[in-house]
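Source file: coords-v3.pdb (PDB, C-alpha atoms)
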ATOM      1  CA  MET A   1      -7.742  -8.633 -20.844
ATOM      2  CA  SER A   2      -6.918  -6.010 -23.464
ATOM      3  CA  ASP A   3      -3.741  -7.759 -24.640
ATOM      4  CA  LEU A   4      -5.503 -11.102 -25.065
ATOM      5  CA  ASP A   5      -6.557 -12.472 -28.409
ATOM      6  CA  PRO A   6     -10.288 -11.643 -28.722
ATOM      7  CA  GLU A   7     -11.188 -15.346 -28.850
ATOM      8  CA  ASP A   8      -9.222 -15.998 -25.642
ATOM      9  CA  ALA A   9     -10.886 -12.989 -24.013
ATOM     10  CA  LYS A  10     -14.233 -14.675 -24.772
ATOM     11  CA  LEU A  11     -13.035 -17.736 -22.848
ATOM     12  CA  VAL A  12     -12.308 -15.565 -19.816
ATOM     13  CA  THR A  13     -15.791 -14.048 -20.071
ATOM     14  CA  LEU A  14     -17.422 -17.480 -20.290
ATOM     15  CA  ALA A  15     -15.397 -18.752 -17.327
ATOM     16  CA  ARG A  16     -16.326 -15.706 -15.247
ATOM     17  CA  SER A  17     -20.000 -16.156 -16.097
ATOM     18  CA  VAL A  18     -20.243 -19.826 -15.168
ATOM     19  CA  ARG A  19     -18.315 -19.236 -11.937
ATOM     20  CA  ALA A  20     -20.626 -16.393 -10.913
ATOM     21  CA  ARG A  21     -23.810 -18.175 -11.995
ATOM     22  CA  ASN A  22     -22.974 -21.277  -9.949
ATOM     23  CA  GLY A  23     -21.296 -19.511  -7.031
ATOM     24  CA  ALA A  24     -18.337 -21.847  -7.529
ATOM     25  CA  ALA A  25     -14.712 -21.572  -6.511
ATOM     26  CA  GLU A  26     -13.629 -21.845 -10.141
ATOM     27  CA  GLY A  27     -15.008 -21.359 -13.604
ATOM     28  CA  ALA A  28     -13.315 -22.533 -16.786
ATOM     29  CA  ALA A  29     -13.842 -22.470 -20.529
ATOM     30  CA  VAL A  30     -12.049 -24.248 -23.349
ATOM     31  CA  ARG A  31     -12.113 -23.863 -27.132
ATOM     32  CA  ASP A  32     -11.752 -26.897 -29.379
ATOM     33  CA  LEU A  33     -10.073 -27.115 -32.774
ATOM     34  CA  ASP A  34     -13.380 -26.345 -34.521
ATOM     35  CA  GLY A  35     -13.892 -23.143 -32.494
ATOM     36  CA  ARG A  36     -16.624 -24.573 -30.260
ATOM     37  CA  THR A  37     -16.499 -23.553 -26.602
ATOM     38  CA  TYR A  38     -17.335 -25.473 -23.458
ATOM     39  CA  ASN A  39     -17.549 -24.038 -19.968
ATOM     40  CA  ALA A  40     -17.972 -25.529 -16.522
ATOM     41  CA  SER A  41     -17.579 -24.769 -12.847
ATOM     42  CA  THR A  42     -16.078 -26.733 -10.009
ATOM     43  CA  VAL A  43     -17.880 -30.003  -9.286
ATOM     44  CA  SER A  44     -17.863 -30.929  -5.614
ATOM     45  CA  LEU A  45     -20.126 -33.864  -4.816
ATOM     46  CA  PRO A  46     -19.556 -36.485  -2.142
ATOM     47  CA  SER A  47     -18.671 -39.032  -4.817
ATOM     48  CA  LEU A  48     -17.242 -36.796  -7.579
ATOM     49  CA  LYS A  49     -14.760 -33.945  -7.446
ATOM     50  CA  LEU A  50     -13.574 -32.111 -10.572
ATOM     51  CA  THR A  51     -11.861 -28.806 -11.058
ATOM     52  CA  ALA A  52     -13.611 -26.437 -13.424
ATOM     53  CA  LEU A  53     -10.970 -27.056 -16.080
ATOM     54  CA  GLN A  54     -11.347 -30.826 -15.785
ATOM     55  CA  ALA A  55     -15.133 -30.500 -16.103
ATOM     56  CA  ALA A  56     -14.846 -28.247 -19.176
ATOM     57  CA  ILE A  57     -12.364 -30.648 -20.786
ATOM     58  CA  ALA A  58     -14.683 -33.572 -20.038
ATOM     59  CA  ALA A  59     -17.565 -31.713 -21.696
ATOM     60  CA  ALA A  60     -15.443 -31.048 -24.774
ATOM     61  CA  VAL A  61     -14.176 -34.605 -25.087
ATOM     62  CA  SER A  62     -17.623 -36.104 -24.502
ATOM     63  CA  SER A  63     -18.916 -33.882 -27.316
ATOM     64  CA  GLY A  64     -16.312 -35.247 -29.717
ATOM     65  CA  ALA A  65     -13.517 -32.669 -29.494
ATOM     66  CA  GLU A  66     -10.241 -34.191 -30.655
ATOM     67  CA  GLY A  67      -8.070 -31.302 -29.531
ATOM     68  CA  LEU A  68      -8.136 -27.940 -27.784
ATOM     69  CA  GLU A  69      -6.778 -24.538 -28.769
ATOM     70  CA  ALA A  70      -6.948 -22.586 -25.505
ATOM     71  CA  ALA A  71      -8.445 -22.423 -22.033
ATOM     72  CA  ALA A  72      -9.230 -19.923 -19.313
ATOM     73  CA  VAL A  73      -9.634 -20.547 -15.590
ATOM     74  CA  VAL A  74     -11.167 -17.933 -13.292
ATOM     75  CA  THR A  75     -10.342 -18.365  -9.621
ATOM     76  CA  GLU A  76      -8.848 -16.530  -6.704
ATOM     77  CA  ASP A  77      -6.147 -19.212  -6.448
ATOM     78  CA  SER A  78      -2.693 -18.316  -7.702
ATOM     79  CA  ARG A  79      -2.248 -21.498  -9.722
ATOM     80  CA  VAL A  80      -4.010 -24.018 -11.911
ATOM     81  CA  ASP A  81      -4.170 -27.558 -10.542
ATOM     82  CA  GLY A  82      -1.404 -29.756 -11.982
ATOM     83  CA  GLU A  83      -3.730 -32.594 -12.956
ATOM     84  CA  SER A  84      -5.998 -30.126 -14.737
ATOM     85  CA  LEU A  85      -3.064 -28.744 -16.719
ATOM     86  CA  ALA A  86      -1.971 -32.307 -17.549
ATOM     87  CA  ALA A  87      -5.457 -33.084 -18.891
ATOM     88  CA  PHE A  88      -5.326 -29.944 -21.046
ATOM     89  CA  ARG A  89      -1.878 -30.933 -22.343
ATOM     90  CA  ASP A  90      -3.256 -34.345 -23.302
ATOM     91  CA  LEU A  91      -5.223 -32.489 -25.977
ATOM     92  CA  THR A  92      -2.759 -29.754 -26.939
ATOM     93  CA  PRO A  93       0.962 -29.531 -26.309
ATOM     94  CA  SER A  94       1.204 -25.777 -26.700
ATOM     95  CA  GLY A  95      -2.166 -24.022 -26.321
ATOM     96  CA  PRO A  96      -2.384 -21.349 -23.625
ATOM     97  CA  VAL A  97      -4.209 -21.663 -20.309
ATOM     98  CA  HIS A  98      -5.046 -18.192 -19.005
ATOM     99  CA  LEU A  99      -5.459 -17.785 -15.234
ATOM    100  CA  ALA A 100      -7.700 -14.852 -14.327
ATOM    101  CA  ASN A 101      -9.269 -13.440 -11.183
ATOM    102  CA  ALA A 102     -12.971 -12.753 -10.663
ATOM    103  CA  ALA A 103     -12.626  -9.343 -12.334
ATOM    104  CA  GLY A 104     -11.323 -11.028 -15.472
ATOM    105  CA  GLU A 105      -7.758  -9.792 -15.092
ATOM    106  CA  VAL A 106      -5.382 -12.404 -16.493
ATOM    107  CA  ARG A 107      -2.612 -12.941 -13.957
ATOM    108  CA  LYS A 108      -0.656 -15.801 -15.522
ATOM    109  CA  GLN A 109      -0.489 -17.936 -18.608
ATOM    110  CA  PHE A 110       0.565 -21.545 -18.664
TER
END

If you took the structure in this file and wrote it as structure tokens, what would it be?
Amino acid sequence: MSDLDPEDAKLVTLARSVRARNGAAEGAAVRDLDGRTYNASTVSLPSLKLTALQAAIAAAVSSGAEGLEAAAVVTEDSRVDGESLAAFRDLTPSGPVHLANAAGEVRKQF
């Protein structure tokens, strides 16, 4: 994470924390245009399934965020779900989505 912007590194830390705390497959954090952060883990209920990034975006939007600056997803998967990326792009055409492993090492950026 050393080459990350410090604010983006905070997103990775938040995503790691929520993933570990909930024992979830994924953790995610997003930062809105006002600098507020929202984090969430995977939601897997019989009647509701959300990726961590979708859940974090939903939390931001439901709190009034009109746009996002950046996101981080912590997972052992090698990719970020396409629908999750599309939801992020609905709120920012160019902000980065950092994909990190459980140790916080950023492996890719979308």

Name the residues that the PyMOL selection byres ((chain A and resi 7) around 12) picks from the file above, as an MDAnalysis selection string, using the file's chain letters and numbers.
-> chainID A and resid 1:6 8:14 29:32 35:37 69:72 96 98

Evaluated on this file, the PyMOL selection byres ((chain A and resi 41) around 6) picks out some residues - which ones are they, written as a short mmCIF file (atom, residue, chain, number, x, y, z; two decimals) with C-alpha atoms, keeping the file's coordinate frame?
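Heads up, here's the output in result.cif:
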data_model
loop_
_atom_site.label_atom_id
_atom_site.label_comp_id
_atom_site.auth_asym_id
_atom_site.auth_seq_id
_atom_site.Cartn_x
_atom_site.Cartn_y
_atom_site.Cartn_z
CA ARG A 19 -18.32 -19.24 -11.94
CA GLU A 26 -13.63 -21.84 -10.14
CA GLY A 27 -15.01 -21.36 -13.60
CA ALA A 40 -17.97 -25.53 -16.52
CA THR A 42 -16.08 -26.73 -10.01
CA ALA A 52 -13.61 -26.44 -13.42
#

So how far away is atom CA of A:Gln54 from atom CA of A:Glu83, in Å?
-> 8.3 Å

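Distances from A:Ser17, A:Ser63, A:Asn22, A:Ser47 to A:Asp34 were compared using only C-alpha atoms, and the smallest one belongs to A:Ser63.
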
List, as a PDB file with C-alpha atoms, in the frame of the given file, every residue that the PyMOL selection byres ((chain A and resi 76) around 12) selects in the file provided.
ATOM      1  CA  ARG A  16     -16.326 -15.706 -15.247  1.00  0.00           C
ATOM      2  CA  ARG A  19     -18.315 -19.236 -11.937  1.00  0.00           C
ATOM      3  CA  ALA A  24     -18.337 -21.847  -7.529  1.00  0.00           C
ATOM      4  CA  ALA A  25     -14.712 -21.572  -6.511  1.00  0.00           C
ATOM      5  CA  GLU A  26     -13.629 -21.845 -10.141  1.00  0.00           C
ATOM      6  CA  GLY A  27     -15.008 -21.359 -13.604  1.00  0.00           C
ATOM      7  CA  VAL A  73      -9.634 -20.547 -15.590  1.00  0.00           C
ATOM      8  CA  VAL A  74     -11.167 -17.933 -13.292  1.00  0.00           C
ATOM      9  CA  THR A  75     -10.342 -18.365  -9.621  1.00  0.00           C
ATOM     10  CA  ASP A  77      -6.147 -19.212  -6.448  1.00  0.00           C
ATOM     11  CA  SER A  78      -2.693 -18.316  -7.702  1.00  0.00           C
ATOM     12  CA  ARG A  79      -2.248 -21.498  -9.722  1.00  0.00           C
ATOM     13  CA  VAL A  80      -4.010 -24.018 -11.911  1.00  0.00           C
ATOM     14  CA  LEU A  99      -5.459 -17.785 -15.234  1.00  0.00           C
ATOM     15  CA  ALA A 100      -7.700 -14.852 -14.327  1.00  0.00           C
ATOM     16  CA  ASN A 101      -9.269 -13.440 -11.183  1.00  0.00           C
ATOM     17  CA  ALA A 102     -12.971 -12.753 -10.663  1.00  0.00           C
ATOM     18  CA  ALA A 103     -12.626  -9.343 -12.334  1.00  0.00           C
ATOM     19  CA  GLY A 104     -11.323 -11.028 -15.472  1.00  0.00           C
ATOM     20  CA  GLU A 105      -7.758  -9.792 -15.092  1.00  0.00           C
ATOM     21  CA  VAL A 106      -5.382 -12.404 -16.493  1.00  0.00           C
ATOM     22  CA  ARG A 107      -2.612 -12.941 -13.957  1.00  0.00           C
TER      23      ARG A 107
END

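Note that the spacing between atom CA of A:Ser84 and atom CA of A:Thr51 amounts to 7.0 Å.
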
As lines of an AutoDock Vina configuration file, please: the centre and edge lengths in Å, to one decimal, of an axis-aligned box enclosing every listed atom of stretch 57-62 of chain A with 3 Å added on each side.
center_x = -15.0
center_y = -33.4
center_z = -22.6
size_x = 11.3
size_y = 11.5
size_z = 11.0

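Counting from atom CA of A:Asp90, the distance to atom CA of A:Ile57 is 10.1 Å.
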
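Closest approach to A:Ala59 among A:Tyr38, A:Gly23, A:Phe110, A:Ala28 is made by A:Tyr38 (distances from all atoms listed in the file).
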
Take the point (-9.2, -32.6, -33.6) in the file's coordinates, draw a sphere of radius 8 Å around it, and report as a CSV table (one decimal) with C-alpha atoms, keeping the file's coordinate frame every protein, DNA or RNA residue with an atom inside or on it, counting all atoms listed in the file.
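So point-v2.csv came out as:
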chain,number,residue,atom,x,y,z
A,32,ASP,CA,-11.8,-26.9,-29.4
A,33,LEU,CA,-10.1,-27.1,-32.8
A,34,ASP,CA,-13.4,-26.3,-34.5
A,65,ALA,CA,-13.5,-32.7,-29.5
A,66,GLU,CA,-10.2,-34.2,-30.7
A,67,GLY,CA,-8.1,-31.3,-29.5
A,68,LEU,CA,-8.1,-27.9,-27.8
